[in-house]
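Okay, work.csv is below, CSV, C-alpha atoms:
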```csv
chain,number,residue,atom,x,y,z
A,293,MET,CA,162.0,-29.2,15.4
A,294,GLN,CA,159.4,-26.6,16.2
A,295,PHE,CA,159.1,-25.5,19.8
A,296,THR,CA,156.1,-23.3,20.8
A,297,LYS,CA,156.1,-22.2,24.4
A,298,THR,CA,152.4,-22.5,25.0
A,299,THR,CA,152.9,-21.6,28.7
A,300,GLU,CA,153.9,-18.1,27.6
A,301,GLN,CA,151.1,-17.5,25.0
A,302,ASP,CA,148.6,-14.7,25.6
A,303,SER,CA,145.7,-15.4,27.9
A,304,ASN,CA,142.3,-16.2,26.4
A,305,TYR,CA,141.0,-13.4,28.6
A,306,ASN,CA,141.7,-9.7,28.6
A,307,HIS,CA,141.0,-6.6,30.7
A,308,LEU,CA,141.1,-8.7,33.8
A,309,GLU,CA,141.2,-5.6,36.0
A,310,LYS,CA,137.7,-4.7,34.7
A,311,MET,CA,136.1,-8.0,35.7
A,312,ASN,CA,134.1,-8.2,38.9
A,313,VAL,CA,135.1,-10.9,41.5
A,314,ASN,CA,132.6,-13.4,40.3
A,315,GLU,CA,133.8,-13.1,36.7
A,316,LEU,CA,137.4,-13.5,37.8
A,317,LEU,CA,136.6,-16.6,39.8
A,318,THR,CA,134.4,-18.2,37.2
A,319,SER,CA,136.9,-17.6,34.4
A,320,ILE,CA,139.8,-19.1,36.5
A,321,ASN,CA,137.6,-22.1,37.3
A,322,ASN,CA,136.7,-22.6,33.7
A,323,GLU,CA,140.3,-22.7,32.8
A,324,ASP,CA,141.1,-25.1,35.7
A,325,LYS,CA,138.4,-27.5,34.4
A,326,THR,CA,140.6,-28.1,31.3
A,327,VAL,CA,143.6,-29.3,33.3
A,328,ALA,CA,142.4,-32.8,34.1
A,329,PHE,CA,141.8,-33.5,30.4
A,330,ALA,CA,145.3,-32.3,29.6
A,331,VAL,CA,146.7,-34.7,32.2
A,332,GLU,CA,144.5,-37.5,30.9
A,333,LYS,CA,146.2,-37.3,27.5
A,334,ALA,CA,149.5,-37.8,29.2
A,335,ILE,CA,148.6,-41.0,31.1
A,336,PRO,CA,150.6,-43.3,28.7
A,337,GLN,CA,153.7,-41.2,29.4
A,338,ILE,CA,153.0,-41.2,33.2
A,339,GLU,CA,152.6,-45.0,33.1
A,340,LYS,CA,156.0,-45.5,31.5
A,341,LEU,CA,157.7,-43.3,34.1
A,342,VAL,CA,155.8,-44.9,37.0
A,343,LYS,CA,156.9,-48.4,36.0
A,344,ILE,CA,160.6,-47.5,35.9
A,345,ILE,CA,160.3,-45.7,39.3
A,346,VAL,CA,158.7,-48.8,40.8
A,347,ASP,CA,161.5,-50.9,39.4
A,348,LYS,CA,164.1,-48.5,40.8
A,349,LEU,CA,162.6,-48.3,44.3
A,350,LYS,CA,162.1,-52.1,44.5
A,351,ASN,CA,165.9,-52.4,44.0
A,352,ASN,CA,166.8,-49.9,46.8
A,353,GLY,CA,166.9,-46.9,44.5
A,354,ARG,CA,165.5,-43.4,45.2
A,355,LEU,CA,163.3,-41.0,43.4
A,356,PHE,CA,164.5,-37.4,43.2
A,357,TYR,CA,162.5,-34.4,42.0
A,358,ILE,CA,164.4,-31.4,40.9
A,359,GLY,CA,163.0,-28.0,39.9
A,360,ALA,CA,163.0,-24.2,40.4
A,361,GLY,CA,160.3,-21.9,41.8
A,362,THR,CA,156.8,-23.3,41.8
A,363,SER,CA,157.9,-26.5,40.1
A,364,GLY,CA,160.6,-27.1,42.8
A,365,ARG,CA,158.2,-26.4,45.6
A,366,LEU,CA,155.7,-28.9,44.3
A,367,GLY,CA,158.3,-31.6,44.0
A,368,ILE,CA,159.3,-30.9,47.6
A,369,LEU,CA,155.7,-31.0,48.7
A,370,ASP,CA,155.1,-34.3,47.1
A,371,ALA,CA,158.3,-35.8,48.5
A,372,SER,CA,157.5,-34.6,52.0
A,373,GLU,CA,154.1,-36.2,52.0
A,374,CYS,CA,155.3,-39.7,51.3
A,375,PRO,CA,156.7,-40.6,54.8
A,376,PRO,CA,153.5,-39.7,56.7
A,377,THR,CA,151.2,-41.1,54.1
A,378,PHE,CA,152.9,-44.3,53.2
A,379,GLY,CA,155.3,-44.9,56.1
A,380,VAL,CA,158.4,-44.8,54.1
A,381,THR,CA,161.6,-43.2,55.3
A,382,ASP,CA,162.4,-39.6,54.2
A,383,ASN,CA,165.3,-40.7,52.0
A,384,ILE,CA,163.2,-42.6,49.4
A,385,VAL,CA,161.5,-39.7,47.7
A,386,LEU,CA,163.5,-36.4,47.8
A,387,GLY,CA,162.8,-33.0,46.4
A,388,LEU,CA,165.5,-30.5,45.5
A,389,ILE,CA,164.9,-26.8,44.5
A,390,ALA,CA,167.2,-24.3,42.8
A,391,GLY,CA,168.6,-22.0,45.5
A,392,GLY,CA,168.3,-24.5,48.3
A,393,ASP,CA,165.9,-24.8,51.1
A,394,LYS,CA,165.6,-21.0,51.5
A,395,ALA,CA,164.0,-20.9,48.0
A,396,ILE,CA,161.1,-22.9,49.3
A,397,ARG,CA,159.7,-19.7,50.9
A,398,LYS,CA,161.4,-16.9,49.0
A,399,ALA,CA,162.6,-16.6,45.4
A,400,VAL,CA,166.4,-16.8,45.1
A,401,GLU,CA,167.6,-14.5,42.3
A,402,ASN,CA,169.1,-16.2,39.3
A,403,ALA,CA,169.2,-19.7,41.0
A,404,GLU,CA,167.3,-21.3,38.1
A,405,ASP,CA,169.8,-20.0,35.6
A,406,SER,CA,172.8,-22.1,36.8
A,407,THR,CA,173.8,-24.9,34.5
A,408,THR,CA,176.0,-26.7,37.0
A,409,GLN,CA,174.4,-26.3,40.5
A,410,GLY,CA,171.7,-29.0,39.9
A,411,TRP,CA,174.3,-31.8,39.5
A,412,LEU,CA,176.3,-30.5,42.5
A,413,ASP,CA,173.1,-30.6,44.6
A,414,LEU,CA,172.5,-34.2,43.6
A,415,LYS,CA,176.1,-35.3,44.2
A,416,LYS,CA,175.6,-34.4,47.9
A,417,TYR,CA,173.2,-37.4,48.0
A,418,ASP,CA,175.7,-39.8,46.4
A,419,ILE,CA,173.3,-40.3,43.5
A,420,SER,CA,174.0,-43.4,41.3
A,421,GLU,CA,172.6,-45.5,38.5
A,422,LYS,CA,170.2,-47.1,41.1
A,423,ASP,CA,168.3,-43.9,41.3
A,424,ILE,CA,166.0,-41.9,39.0
A,425,VAL,CA,165.6,-38.1,38.7
A,426,VAL,CA,162.4,-36.3,37.5
A,427,GLY,CA,163.0,-32.8,36.4
A,428,ILE,CA,160.0,-30.5,36.8
A,429,ALA,CA,159.6,-27.3,34.7
A,430,ALA,CA,156.4,-25.9,33.2
A,431,SER,CA,158.3,-24.1,30.4
A,432,GLY,CA,160.7,-27.0,29.8
A,433,THR,CA,163.6,-24.5,29.5
A,434,THR,CA,164.8,-24.0,33.0
A,435,PRO,CA,168.7,-24.2,32.8
A,436,TYR,CA,169.0,-25.6,36.3
A,437,VAL,CA,166.8,-28.6,35.4
A,438,VAL,CA,167.7,-29.2,31.8
A,439,SER,CA,171.4,-29.1,32.4
A,440,THR,CA,171.1,-31.5,35.3
A,441,LEU,CA,169.2,-34.0,33.2
A,442,LYS,CA,171.8,-33.8,30.5
A,443,THR,CA,174.5,-34.6,33.0
A,444,LEU,CA,172.5,-37.5,34.4
A,445,ASN,CA,172.0,-39.0,30.9
A,446,GLU,CA,175.8,-38.9,30.4
A,447,LYS,CA,176.2,-40.8,33.6
A,448,ASN,CA,173.6,-43.4,32.7
A,449,ILE,CA,171.2,-42.3,35.5
A,450,GLU,CA,167.5,-42.6,34.5
A,451,THR,CA,165.7,-39.3,33.9
A,452,GLY,CA,162.1,-38.3,33.6
A,453,CYS,CA,160.3,-34.9,33.5
A,454,ILE,CA,157.1,-33.1,33.9
A,455,THR,CA,156.6,-30.2,31.6
A,456,MET,CA,153.9,-28.4,29.7
A,457,ASN,CA,155.6,-27.7,26.3
A,458,THR,CA,156.1,-30.2,23.5
A,459,ASN,CA,159.5,-30.3,22.0
A,460,SER,CA,161.0,-28.2,24.8
A,461,PRO,CA,164.6,-28.8,25.7
A,462,LEU,CA,163.5,-30.6,28.9
A,463,ALA,CA,161.0,-32.8,27.0
A,464,LEU,CA,163.7,-33.7,24.5
A,465,THR,CA,166.3,-34.4,27.2
A,466,ALA,CA,164.4,-36.6,29.6
A,467,LYS,CA,164.3,-40.3,28.8
A,468,TYR,CA,160.8,-40.6,30.2
A,469,PRO,CA,159.1,-37.2,29.5
A,470,ILE,CA,155.6,-36.3,30.7
A,471,ILE,CA,154.1,-33.5,28.7
A,472,ALA,CA,150.7,-32.0,29.7
A,473,ILE,CA,149.6,-29.3,27.3
A,474,VAL,CA,147.5,-27.0,29.5
A,475,GLY,CA,147.6,-24.0,27.1
A,476,PRO,CA,147.8,-20.3,28.0
A,477,GLU,CA,147.3,-19.2,31.6
A,478,PHE,CA,144.5,-17.0,32.8
A,479,VAL,CA,147.2,-14.4,33.7
A,480,THR,CA,149.6,-14.6,30.8
A,481,GLY,CA,152.7,-16.6,31.8
A,482,SER,CA,151.6,-17.3,35.4
A,483,SER,CA,152.5,-21.0,35.3
A,484,ARG,CA,151.8,-21.3,39.0
A,485,MET,CA,148.1,-21.6,37.9
A,486,LYS,CA,147.1,-24.3,35.3
A,487,ALA,CA,150.6,-25.6,34.8
A,488,GLY,CA,151.2,-25.9,38.6
A,489,THR,CA,147.8,-27.6,39.0
A,490,ALA,CA,148.7,-30.1,36.3
A,491,GLN,CA,152.1,-30.8,37.9
A,492,LYS,CA,150.5,-31.4,41.3
A,493,MET,CA,148.0,-33.8,39.8
A,494,ILE,CA,150.7,-35.7,38.0
A,495,LEU,CA,152.9,-35.9,41.1
A,496,ASN,CA,150.0,-37.2,43.1
A,497,MET,CA,149.5,-39.9,40.4
A,498,ILE,CA,153.1,-40.9,40.4
A,499,THR,CA,153.8,-41.4,44.1
A,500,THR,CA,150.4,-42.8,44.9
A,501,SER,CA,150.6,-45.4,42.2
A,502,VAL,CA,154.2,-46.2,42.9
A,503,MET,CA,153.5,-46.7,46.6
A,504,ILE,CA,150.5,-48.9,45.9
A,505,LYS,CA,152.7,-51.1,43.6
A,506,LEU,CA,155.3,-51.2,46.4
A,507,GLY,CA,152.6,-52.6,48.8
A,508,LYS,CA,152.1,-49.6,50.9
A,509,ILE,CA,148.3,-49.7,50.6
A,510,LYS,CA,146.0,-52.5,51.7
A,511,GLY,CA,142.6,-52.5,50.0
A,512,ASN,CA,142.2,-48.8,49.8
A,513,LYS,CA,143.7,-47.9,53.2
A,514,MET,CA,146.9,-46.2,54.3
A,515,VAL,CA,147.9,-49.1,56.6
A,516,ASP,CA,151.5,-47.8,56.9
A,517,MET,CA,150.8,-44.1,57.6
A,518,GLN,CA,152.6,-42.4,60.4
A,519,LEU,CA,150.6,-41.7,63.6
A,520,SER,CA,151.6,-38.1,63.7
A,521,ASN,CA,148.5,-36.6,65.2
A,522,ASP,CA,145.2,-37.4,66.9
A,523,LYS,CA,143.2,-37.4,63.7
A,524,LEU,CA,145.4,-40.1,62.2
A,525,VAL,CA,145.3,-42.2,65.4
A,526,LYS,CA,141.5,-42.1,65.3
A,527,ARG,CA,141.6,-43.0,61.6
A,528,GLY,CA,144.0,-45.9,62.2
A,529,THR,CA,141.8,-47.1,65.1
A,530,LYS,CA,138.7,-47.2,62.9
A,531,MET,CA,140.6,-49.1,60.2
A,532,ILE,CA,141.7,-51.8,62.6
A,533,ALA,CA,138.3,-52.1,64.2
A,534,ASP,CA,136.6,-52.4,60.8
A,535,GLU,CA,139.2,-54.9,59.5
A,536,LEU,CA,139.2,-57.1,62.6
A,537,LYS,CA,135.6,-56.6,63.6
A,538,ILE,CA,136.6,-55.6,67.2
A,539,ASN,CA,135.7,-52.7,69.4
A,540,THR,CA,137.5,-49.4,69.1
A,541,THR,CA,139.0,-49.6,72.6
A,542,LEU,CA,140.8,-52.8,71.7
A,543,ALA,CA,141.7,-51.5,68.3
A,544,ASN,CA,143.2,-48.4,69.8
A,545,GLU,CA,145.3,-50.4,72.2
A,546,LEU,CA,146.6,-52.6,69.4
A,547,LEU,CA,147.5,-49.5,67.3
A,548,LEU,CA,149.4,-47.8,70.1
A,549,LYS,CA,151.1,-51.1,71.0
A,550,PHE,CA,152.3,-52.0,67.5
A,551,GLY,CA,152.7,-48.5,66.0
A,552,SER,CA,151.0,-49.0,62.7
A,553,VAL,CA,147.7,-50.3,61.3
A,554,ARG,CA,149.4,-53.0,59.3
A,555,LYS,CA,151.5,-54.4,62.3
A,556,ALA,CA,148.5,-54.2,64.6
A,557,ILE,CA,146.3,-56.2,62.2
A,558,ASN,CA,149.0,-58.8,61.3
A,559,ASN,CA,149.9,-59.4,65.0
A,560,TYR,CA,146.3,-59.7,66.1
A,561,LYS,CA,145.6,-62.2,63.3
A,562,ASN,CA,148.7,-64.2,64.2
A,563,GLU,CA,147.7,-64.4,67.8
A,564,ASN,CA,144.0,-65.3,67.3
```
Would you write out, as structure tokens, the structure that this file holds?
Amino acid sequence: MQFTKTTEQDSNYNHLEKMNVNELLTSINNEDKTVAFAVEKAIPQIEKLVKIIVDKLKNNGRLFYIGAGTSGRLGILDASECPPTFGVTDNIVLGLIAGGDKAIRKAVENAEDSTTQGWLDLKKYDISEKDIVVGIAASGTTPYVVSTLKTLNEKNIETGCITMNTNSPLALTAKYPIIAIVGPEFVTGSSRMKAGTAQKMILNMITTSVMIKLGKIKGNKMVDMQLSNDKLVKRGTKMIADELKINTTLANELLLKFGSVRKAINNYKNEN
């Protein structure tokens, strides 16, 4: 089966160092404009994965992201944003990166080349058939990710992936693959660019749609968000005031009393 690593193909642009700043920015932006269309073509694959994640989380399972470098960091970013946005605990969506937490800030040499460490990292979380793991790798060849998904398949743990190369080892290993073909990068091989943007978009789509199906959004509002700063308290106060048709002073009192927009609204309605 033919495997062409499009993420490593030569850029459509050359002599970048001779471009002025406007030419550089315009060219990068032109390439970025193609990313959403690549993701659009992958929606049927994203839908399949989202449905199985919803099913797992409804049955007390967890979603794990696993990756190396940029891919690992993006998984951690998406996982870390779920508790404040949707009010879930921090052990529902988890991100793991090759090399451990120190690799979030600095590259850890050869960490992505291990064919055993990914499974060892997951074992620390007592992973089981209740859970699902999504491997993230632009190239689709990262040993840390591919080897882990192979082990998970052997143990009947559901697997998905986000990659940018058709017929890559990762795409062929994951039970629910997502493949977004973004093509060559502006800087040849720099998959932090279009590939990273596509991964971020897909991750946003996955957790947002999953959390909506789990009932974490009411209407179009983040009614379960954590009140972690003044901005969010003000946003929550306005949401309550608008929903209940009350003044902001009372809305703020309710929010602070009950700790979340959902609880404030429900308790007010039950008492009035």
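Closest to Ser431 of chain A among A:Ile504, A:Ala360, A:Ile335, A:Met493 is A:Ala360, based on all atoms listed in the file.
The neighbours of segment 377-389 of chain A here are the residues that come within 6 Å of it, using all atoms listed in the file and leaving out any residue fewer than 4 positions away in the same chain; they are Arg354, Leu355, Phe356, Tyr357, Ile358, Gly359, Ala360, Gly364, Gly367, Ile368, Ala371, Lys508, Asp516, Met517 and Gln518 of chain A.
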Long-range neighbours of segment 547-562 of chain A as a PDB file with C-alpha atoms, in the coordinates of the input, 8 Å cut-off, all atoms listed in the file, 3 positions minimum in chain:
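The result, written out as result_17.pdb:
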```
ATOM      1  CA  VAL A 515     147.900 -49.100  56.600  1.00  0.00           C
ATOM      2  CA  ASP A 516     151.500 -47.800  56.900  1.00  0.00           C
ATOM      3  CA  MET A 517     150.800 -44.100  57.600  1.00  0.00           C
ATOM      4  CA  GLN A 518     152.600 -42.400  60.400  1.00  0.00           C
ATOM      5  CA  LEU A 519     150.600 -41.700  63.600  1.00  0.00           C
ATOM      6  CA  VAL A 525     145.300 -42.200  65.400  1.00  0.00           C
ATOM      7  CA  GLY A 528     144.000 -45.900  62.200  1.00  0.00           C
ATOM      8  CA  THR A 529     141.800 -47.100  65.100  1.00  0.00           C
ATOM      9  CA  MET A 531     140.600 -49.100  60.200  1.00  0.00           C
ATOM     10  CA  ILE A 532     141.700 -51.800  62.600  1.00  0.00           C
ATOM     11  CA  GLU A 535     139.200 -54.900  59.500  1.00  0.00           C
ATOM     12  CA  LEU A 536     139.200 -57.100  62.600  1.00  0.00           C
ATOM     13  CA  ALA A 543     141.700 -51.500  68.300  1.00  0.00           C
ATOM     14  CA  ASN A 544     143.200 -48.400  69.800  1.00  0.00           C
TER      15      ASN A 544
END
```
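Residues within 6 Å of Gly410 of chain A, counting all atoms listed in the file and excluding same-chain residues fewer than 3 positions away, are A:Asp413, A:Tyr436, A:Thr440.
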Report as JSON, numbers by chain all protein, DNA and RNA residues lying within 12 Å of Asn321 of chain A, evaluated on all atoms listed in the file, omitting residues in the same chain fewer than 5 positions from it. {"A": [314, 315, 316, 326, 327, 477, 478, 485, 486, 489]}
Kindly provide, as a ChimeraX atom specification, the polymer residues lying within 12 Å of (170.4, -34.6, 31.7), counting all atoms listed in the file and using the coordinates exactly as they appear in the file. /A:358,407-408,410-411,424-427,435-453,461-469
Scan for residues within 9 Å of the point (152.0, -14.1, 32.7) in the coordinates of the file, using all atoms listed in the file, and reply as a PyMOL selection string. chain A and resi 299-303+476-483
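Among A:Glu323, A:Glu373, A:Glu309, A:Glu332, the residue with the shortest atom-to-atom distance to Asn496 of chain A, counting all atoms listed in the file, is A:Glu373.
Among A:Ala390, A:Ile473, A:Leu349, A:Ala487, the residue with the shortest atom-to-atom distance to Ser406 of chain A, counting all atoms listed in the file, is A:Ala390.
Between Thr296 of chain A and the candidates A:Ala330, A:Met456, A:Leu414, A:Val346, the tightest atom-to-atom separation, counting all atoms listed in the file, involves A:Met456.
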What is the atom CA of Ile428 of chain A to atom CA of Val331 of chain A distance in Å? 14.7 Å
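Distance check against Asp423 of chain A using only C-alpha atoms: of A:Thr362, A:Thr541, A:Asn351, A:Thr455, the minimum falls on A:Asn351.
Here atom CA of Arg397 of chain A and atom CA of Ser372 of chain A stand 15.1 Å from one another.
Between atom CA of Ile494 of chain A and atom CA of Ile509 of chain A the separation is 19.0 Å.
With distances restricted to all atoms listed in the file, A:Met497 is the closest residue to Val342 of chain A from A:Lys526, A:Met497, A:Glu563, A:Asn512.
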